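Structure data (mmCIF, C-alpha atoms) from data-v2.cif:
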data_model
#
loop_
_atom_site.group_PDB
_atom_site.id
_atom_site.type_symbol
_atom_site.label_atom_id
_atom_site.label_comp_id
_atom_site.auth_asym_id
_atom_site.auth_seq_id
_atom_site.Cartn_x
_atom_site.Cartn_y
_atom_site.Cartn_z
ATOM 1 C CA MET A 813 39.212 4.051 -2.438
ATOM 2 C CA SER A 814 42.019 4.775 0.030
ATOM 3 C CA GLY A 815 42.079 8.386 1.257
ATOM 4 C CA ARG A 816 38.580 9.077 -0.034
ATOM 5 C CA LYS A 817 35.710 9.626 2.400
ATOM 6 C CA GLN A 818 33.139 6.882 2.150
ATOM 7 C CA PHE A 819 29.470 7.191 3.064
ATOM 8 C CA ASP A 820 26.474 4.914 3.325
ATOM 9 C CA VAL A 821 24.355 5.779 0.290
ATOM 10 C CA ASP A 822 21.191 4.164 1.627
ATOM 11 C CA ALA A 823 21.507 5.922 4.979
ATOM 12 C CA ALA A 824 22.144 9.239 3.227
ATOM 13 C CA LEU A 825 19.085 8.715 1.019
ATOM 14 C CA ASP A 826 16.939 7.902 4.039
ATOM 15 C CA ARG A 827 18.010 11.125 5.727
ATOM 16 C CA ALA A 828 17.512 13.168 2.565
ATOM 17 C CA MET A 829 14.105 11.551 2.090
ATOM 18 C CA ARG A 830 13.097 12.708 5.558
ATOM 19 C CA VAL A 831 14.104 16.270 4.720
ATOM 20 C CA PHE A 832 11.965 16.313 1.567
ATOM 21 C CA TRP A 833 9.156 14.586 3.468
ATOM 22 C CA GLN A 834 9.250 17.007 6.387
ATOM 23 C CA GLN A 835 10.046 20.252 4.569
ATOM 24 C CA GLY A 836 8.624 19.719 1.092
ATOM 25 C CA TYR A 837 10.680 20.083 -2.076
ATOM 26 C CA ALA A 838 10.817 23.892 -2.148
ATOM 27 C CA ASP A 839 11.996 24.269 1.463
ATOM 28 C CA ALA A 840 14.453 21.374 1.346
ATOM 29 C CA SER A 841 17.512 23.538 0.823
ATOM 30 C CA LEU A 842 20.878 22.170 -0.155
ATOM 31 C CA ASP A 843 22.154 23.276 3.252
ATOM 32 C CA LEU A 844 19.489 21.189 5.001
ATOM 33 C CA LEU A 845 20.136 18.241 2.715
ATOM 34 C CA GLY A 846 23.870 18.549 3.231
ATOM 35 C CA THR A 847 23.509 18.679 7.000
ATOM 36 C CA ALA A 848 21.133 15.704 7.030
ATOM 37 C CA THR A 849 23.279 13.529 4.791
ATOM 38 C CA GLY A 850 26.627 14.634 6.187
ATOM 39 C CA LEU A 851 27.672 15.797 2.726
ATOM 40 C CA GLY A 852 28.728 19.272 1.697
ATOM 41 C CA ARG A 853 26.832 21.119 -1.015
ATOM 42 C CA GLY A 854 29.408 20.087 -3.602
ATOM 43 C CA SER A 855 29.359 16.507 -2.381
ATOM 44 C CA VAL A 856 25.563 16.341 -2.724
ATOM 45 C CA TYR A 857 25.951 17.282 -6.377
ATOM 46 C CA GLY A 858 28.859 14.897 -6.781
ATOM 47 C CA ALA A 859 26.992 11.970 -5.248
ATOM 48 C CA PHE A 860 23.510 12.507 -6.669
ATOM 49 C CA GLY A 861 23.862 14.913 -9.593
ATOM 50 C CA SER A 862 21.431 17.645 -8.526
ATOM 51 C CA LYS A 863 18.727 18.455 -6.012
ATOM 52 C CA ASP A 864 16.091 17.328 -8.523
ATOM 53 C CA ALA A 865 17.865 14.037 -9.175
ATOM 54 C CA LEU A 866 18.249 13.451 -5.425
ATOM 55 C CA PHE A 867 14.556 14.234 -4.936
ATOM 56 C CA ARG A 868 13.503 11.696 -7.564
ATOM 57 C CA THR A 869 15.782 9.075 -6.033
ATOM 58 C CA CYS A 870 14.208 9.744 -2.646
ATOM 59 C CA LEU A 871 10.745 9.436 -4.176
ATOM 60 C CA ASP A 872 11.697 6.059 -5.605
ATOM 61 C CA ARG A 873 13.093 4.930 -2.265
ATOM 62 C CA TYR A 874 9.963 6.040 -0.432
ATOM 63 C CA ALA A 875 7.739 4.298 -2.983
ATOM 64 C CA SER A 876 9.847 1.148 -2.730
ATOM 65 C CA ILE A 877 9.605 1.003 1.065
ATOM 66 C CA TYR A 878 5.899 1.682 1.390
ATOM 67 C CA GLY A 879 4.945 0.178 -1.951
ATOM 68 C CA ALA A 880 6.291 -3.162 -0.769
ATOM 69 C CA GLN A 881 4.204 -2.875 2.387
ATOM 70 C CA TYR A 882 1.097 -2.057 0.371
ATOM 71 C CA GLU A 883 1.716 -4.976 -1.960
ATOM 72 C CA ARG A 884 2.083 -7.419 0.917
ATOM 73 C CA ALA A 885 -1.102 -6.124 2.523
ATOM 74 C CA LEU A 886 -3.129 -6.355 -0.681
ATOM 75 C CA ALA A 887 -1.741 -9.794 -1.554
ATOM 76 C CA ALA A 888 -2.531 -11.215 1.885
ATOM 77 C CA TYR A 889 -6.218 -11.589 1.024
ATOM 78 C CA PRO A 890 -6.404 -12.726 -2.622
ATOM 79 C CA ASP A 891 -9.964 -14.027 -2.236
ATOM 80 C CA ASN A 892 -11.283 -11.160 -0.128
ATOM 81 C CA PRO A 893 -10.854 -7.756 -1.834
ATOM 82 C CA ALA A 894 -12.655 -5.887 0.942
ATOM 83 C CA ARG A 895 -10.286 -7.321 3.543
ATOM 84 C CA ALA A 896 -7.323 -6.536 1.286
ATOM 85 C CA VAL A 897 -8.382 -2.891 1.132
ATOM 86 C CA GLU A 898 -8.703 -2.819 4.909
ATOM 87 C CA ALA A 899 -5.121 -4.110 5.181
ATOM 88 C CA PHE A 900 -4.024 -1.532 2.597
ATOM 89 C CA PHE A 901 -5.432 1.276 4.717
ATOM 90 C CA GLY A 902 -3.799 -0.317 7.744
ATOM 91 C CA VAL A 903 -0.376 0.303 6.210
ATOM 92 C CA ALA A 904 -1.194 3.994 5.829
ATOM 93 C CA LEU A 905 -2.540 4.280 9.375
ATOM 94 C CA ASP A 906 0.511 2.520 10.804
ATOM 95 C CA ARG A 907 2.822 4.903 8.943
ATOM 96 C CA ILE A 908 0.834 7.906 10.128
ATOM 97 C CA ALA A 909 0.990 6.689 13.734
ATOM 98 C CA ASP A 910 4.739 5.978 13.575
ATOM 99 C CA PRO A 911 6.532 8.704 15.575
ATOM 100 C CA ALA A 912 9.814 7.815 13.891
ATOM 101 C CA VAL A 913 8.769 9.265 10.516
ATOM 102 C CA PRO A 914 7.394 12.660 9.455
ATOM 103 C CA GLY A 915 3.652 13.166 9.204
ATOM 104 C CA GLY A 916 1.655 12.639 6.053
ATOM 105 C CA CYS A 917 3.002 11.044 2.897
ATOM 106 C CA LEU A 918 5.934 12.133 0.755
ATOM 107 C CA LEU A 919 4.049 11.378 -2.467
ATOM 108 C CA ALA A 920 0.904 13.211 -1.395
ATOM 109 C CA GLN A 921 2.911 16.202 -0.209
ATOM 110 C CA SER A 922 4.955 16.251 -3.409
ATOM 111 C CA ALA A 923 1.789 16.078 -5.513
ATOM 112 C CA SER A 924 0.378 19.098 -3.691
ATOM 113 C CA GLN A 925 3.591 20.993 -4.488
ATOM 114 C CA SER A 926 3.676 20.047 -8.174
ATOM 115 C CA PRO A 927 3.947 23.701 -9.324
ATOM 116 C CA THR A 928 7.355 23.898 -7.608
ATOM 117 C CA LEU A 929 8.681 20.751 -9.314
ATOM 118 C CA ASN A 930 10.313 20.455 -12.694
ATOM 119 C CA ALA A 931 8.707 18.394 -15.436
ATOM 120 C CA ASP A 932 10.710 15.236 -14.726
ATOM 121 C CA SER A 933 9.858 15.299 -11.027
ATOM 122 C CA ARG A 934 6.180 15.981 -11.677
ATOM 123 C CA THR A 935 6.107 13.039 -14.057
ATOM 124 C CA ARG A 936 7.779 10.804 -11.471
ATOM 125 C CA VAL A 937 5.298 11.766 -8.764
ATOM 126 C CA ARG A 938 2.357 11.119 -11.104
ATOM 127 C CA ALA A 939 3.773 7.749 -12.166
ATOM 128 C CA LEU A 940 4.263 6.601 -8.569
ATOM 129 C CA LEU A 941 0.746 7.675 -7.616
ATOM 130 C CA ASP A 942 -0.646 5.876 -10.660
ATOM 131 C CA LYS A 943 1.231 2.748 -9.619
ATOM 132 C CA GLN A 944 -0.406 2.885 -6.191
ATOM 133 C CA ARG A 945 -3.847 3.159 -7.786
ATOM 134 C CA GLU A 946 -3.101 0.233 -10.093
ATOM 135 C CA ARG A 947 -2.147 -1.928 -7.109
ATOM 136 C CA VAL A 948 -5.515 -1.220 -5.565
ATOM 137 C CA ARG A 949 -7.330 -1.815 -8.849
ATOM 138 C CA ALA A 950 -5.714 -5.225 -9.245
ATOM 139 C CA ALA A 951 -6.711 -6.229 -5.715
ATOM 140 C CA LEU A 952 -10.335 -5.143 -6.273
ATOM 141 C CA SER A 953 -10.727 -6.866 -9.613
ATOM 142 C CA ILE A 954 -13.552 -9.406 -9.487
ATOM 143 C CA PRO A 955 -15.569 -10.853 -12.385
ATOM 144 C CA GLU A 956 -18.734 -9.116 -11.210
ATOM 145 C CA LEU A 957 -17.294 -5.591 -11.539
ATOM 146 C CA ASP A 958 -17.139 -4.115 -15.017
ATOM 147 C CA ALA A 959 -14.145 -1.979 -16.012
ATOM 148 C CA LYS A 960 -15.851 1.347 -15.269
ATOM 149 C CA ALA A 961 -17.065 0.270 -11.841
ATOM 150 C CA LEU A 962 -13.638 -1.164 -11.044
ATOM 151 C CA ASP A 963 -11.909 2.061 -12.079
ATOM 152 C CA ASP A 964 -14.310 4.127 -9.989
ATOM 153 C CA LEU A 965 -13.854 1.977 -6.897
ATOM 154 C CA ALA A 966 -10.062 1.893 -7.220
ATOM 155 C CA THR A 967 -9.970 5.680 -7.610
ATOM 156 C CA TYR A 968 -12.169 6.062 -4.532
ATOM 157 C CA VAL A 969 -9.868 3.887 -2.391
ATOM 158 C CA PHE A 970 -6.803 5.678 -3.739
ATOM 159 C CA ALA A 971 -8.361 9.092 -3.006
ATOM 160 C CA VAL A 972 -9.271 8.117 0.554
ATOM 161 C CA ASN A 973 -5.722 6.916 1.141
ATOM 162 C CA GLN A 974 -4.287 10.206 -0.080
ATOM 163 C CA SER A 975 -6.763 12.149 2.045
ATOM 164 C CA LEU A 976 -5.541 10.293 5.131
ATOM 165 C CA ALA A 977 -2.055 11.653 4.486
ATOM 166 C CA VAL A 978 -3.299 15.209 4.013
ATOM 167 C CA LEU A 979 -5.575 15.097 7.069
ATOM 168 C CA SER A 980 -2.868 13.624 9.273
ATOM 169 C CA ARG A 981 -0.440 16.305 8.149
ATOM 170 C CA ALA A 982 -3.021 18.889 9.206
ATOM 171 C CA GLY A 983 -3.209 17.356 12.677
ATOM 172 C CA THR A 984 -6.430 15.343 12.426
ATOM 173 C CA ALA A 985 -6.770 12.964 15.359
ATOM 174 C CA GLY A 986 -5.970 9.311 14.813
ATOM 175 C CA ALA A 987 -9.449 8.285 15.967
ATOM 176 C CA ASP A 988 -10.987 10.423 13.234
ATOM 177 C CA LEU A 989 -8.699 8.888 10.617
ATOM 178 C CA HIS A 990 -9.765 5.421 11.752
ATOM 179 C CA SER A 991 -13.387 6.512 11.367
ATOM 180 C CA VAL A 992 -12.688 7.577 7.789
ATOM 181 C CA VAL A 993 -11.126 4.188 7.074
ATOM 182 C CA ARG A 994 -13.989 2.319 8.715
ATOM 183 C CA ILE A 995 -16.578 4.083 6.563
ATOM 184 C CA ALA A 996 -14.446 3.628 3.437
ATOM 185 C CA CYS A 997 -14.055 -0.102 4.098
ATOM 186 C CA THR A 998 -17.816 -0.426 4.598
ATOM 187 C CA THR A 999 -18.400 1.383 1.309
ATOM 188 C CA VAL A 1000 -16.018 -0.935 -0.527
ATOM 189 C CA ALA A 1001 -17.536 -4.072 1.000
ATOM 190 C CA GLU A 1002 -21.073 -2.950 0.185
ATOM 191 C CA THR A 1003 -20.128 -2.012 -3.381
ATOM 192 C CA LEU A 1004 -18.570 -5.414 -3.981
ATOM 193 C CA ALA A 1005 -21.523 -7.183 -2.375
ATOM 194 C CA ARG A 1006 -23.995 -5.296 -4.570
ATOM 195 C CA ALA A 1007 -22.018 -6.190 -7.679
ATOM 196 C CA LYS A 1008 -22.042 -9.867 -6.731
ATOM 197 C CA ALA A 1009 -25.751 -9.805 -5.877
ATOM 198 C CA LYS A 1010 -26.588 -8.103 -9.167
ATOM 199 C CA SER A 1011 -24.578 -10.690 -11.063
ATOM 200 C CA THR A 1012 -26.352 -13.525 -9.258
ATOM 201 C CA ARG A 1013 -29.785 -12.073 -10.033
ATOM 202 C CA GLY A 1014 -28.823 -11.884 -13.679
ATOM 203 C CA ARG A 1015 -28.256 -15.634 -13.947
ATOM 204 C CA TRP A 1016 -31.530 -17.147 -15.045
ATOM 205 C CA PRO A 1017 -32.004 -20.844 -14.341
ATOM 206 C CA VAL A 1018 -31.732 -23.079 -17.370
ATOM 207 C CA PRO A 1019 -35.217 -24.470 -18.161
ATOM 208 C CA VAL A 1020 -35.573 -28.218 -17.792
ATOM 209 C CA SER A 1021 -37.334 -29.957 -20.659
ATOM 210 C CA SER A 1022 -40.258 -32.171 -19.774
ATOM 211 C CA PRO A 1023 -39.603 -35.897 -20.342
#

What would the structure in this file look like if it were written as structure tokens?
Amino acid sequence: MSGRKQFDVDAALDRAMRVFWQQGYADASLDLLGTATGLGRGSVYGAFGSKDALFRTCLDRYASIYGAQYERALAAYPDNPARAVEAFFGVALDRIADPAVPGGCLLAQSASQSPTLNADSRTRVRALLDKQRERVRAALSIPELDAKALDDLATYVFAVNQSLAVLSRAGTAGADLHSVVRIACTTVAETLARAKAKSTRGRWPVPVSSP
């Protein structure tokens, strides 16, 4: 509209997302968000409704960006779940090593600060984390794993991924994070191999009748 200041919504969201990611929800003041986005306090409310609404929109944007990367990694090895998990962890390690973004993970950090969030934001964080776990579960699903074993393995992979974010935020060296991933990938591969071996042992040969 003529005479009205325009702004790039996506660029503003990216900058606001970085503030929440770097500072955490509680310390992401409206002044910081306004400075980052180039919007005044009133304009932040006018454009996004509230700090909570802006936070949830940033969560969705973050999940969309990295969720797409996770999905591509997991889908790249449809016949090799262990390799898919390795690629999944690779996305997290690449993000952690990227100097252009804050340390850790916005979802993991937001989950750790759940007491400071309102009910809608807590629900959004939980839903996005659950979606990540379900992606992993789908990639690990093989006929030889029963539902309980599949749930346990998916939760393990999900938990390791979240721990990478927390450890990196605390300054853990990249080499140590790679060691964590290496051991986790070995655990996944061995678990899947045991399940397949157990299934094979359970298949008794069909007796052949004498002529």

By how many Å are atom CA of A:Tyr968 and atom CA of A:Phe901 apart? 12.4 Å

Using the file's own x, y and z axes, what box holds all listed atoms of stretch 899-914 of chain A with 8 Å on each side, keeping edges along x, y and z, and what are its centre and edge lengths in Å to one decimal, as lines of an AutoDock Vina configuration file?
center_x = 2.2
center_y = 4.3
center_z = 9.1
size_x = 31.2
size_y = 32.8
size_z = 29.0

Set the distance at 9 Å and use only C-alpha atoms: which residues neighbour A:Ala894 once local chain neighbours fewer than 6 positions away are removed? I'd like the list as a PyMOL selection string. chain A and resi 951-952+997-998+1000-1002+1004

Choose the residue, out of A:Arg994, A:Ala985, A:Val978, A:Thr1003, that has the smallest atom-to-atom separation from A:Ala899; count only C-alpha atoms. A:Arg994

Taking into account only C-alpha atoms, which residue in the set A:Leu979, A:Ala887, A:Ala966, A:Ala950 is nearest to A:Gly916?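 Using only C-alpha atoms, the shortest distance to A:Gly916 belongs to A:Leu979.
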
Give as a list in words every residue, naming chains and numbers as the document does, that has an atom within 9 Å of (12.2, 10.0, 4.6), counting all atoms listed in the file. Leu825, Asp826, Arg827, Ala828, Met829, Arg830, Val831, Phe832, Trp833, Gln834, Cys870, Leu871, Arg873, Tyr874, Val913, Pro914 and Leu918 of chain A

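Comparing A:Ile954, A:Leu989, A:Ala971, A:Leu886 by their smallest distance to A:Ala1007, the closest is A:Ile954 (using only C-alpha atoms).
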
Using atom CA of A:Asp932 and atom CA of A:Tyr882 as the two end points, give the distance in Å to one decimal.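 Taking atom CA of A:Asp932 as the start and atom CA of A:Tyr882 as the end point, the length is 24.9 Å.
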
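Nearest-residue note for A:Phe860: choosing from A:Asp822, A:Asp891, A:Val972, A:Val948, the minimum distance belongs to A:Asp822, counting all atoms listed in the file.
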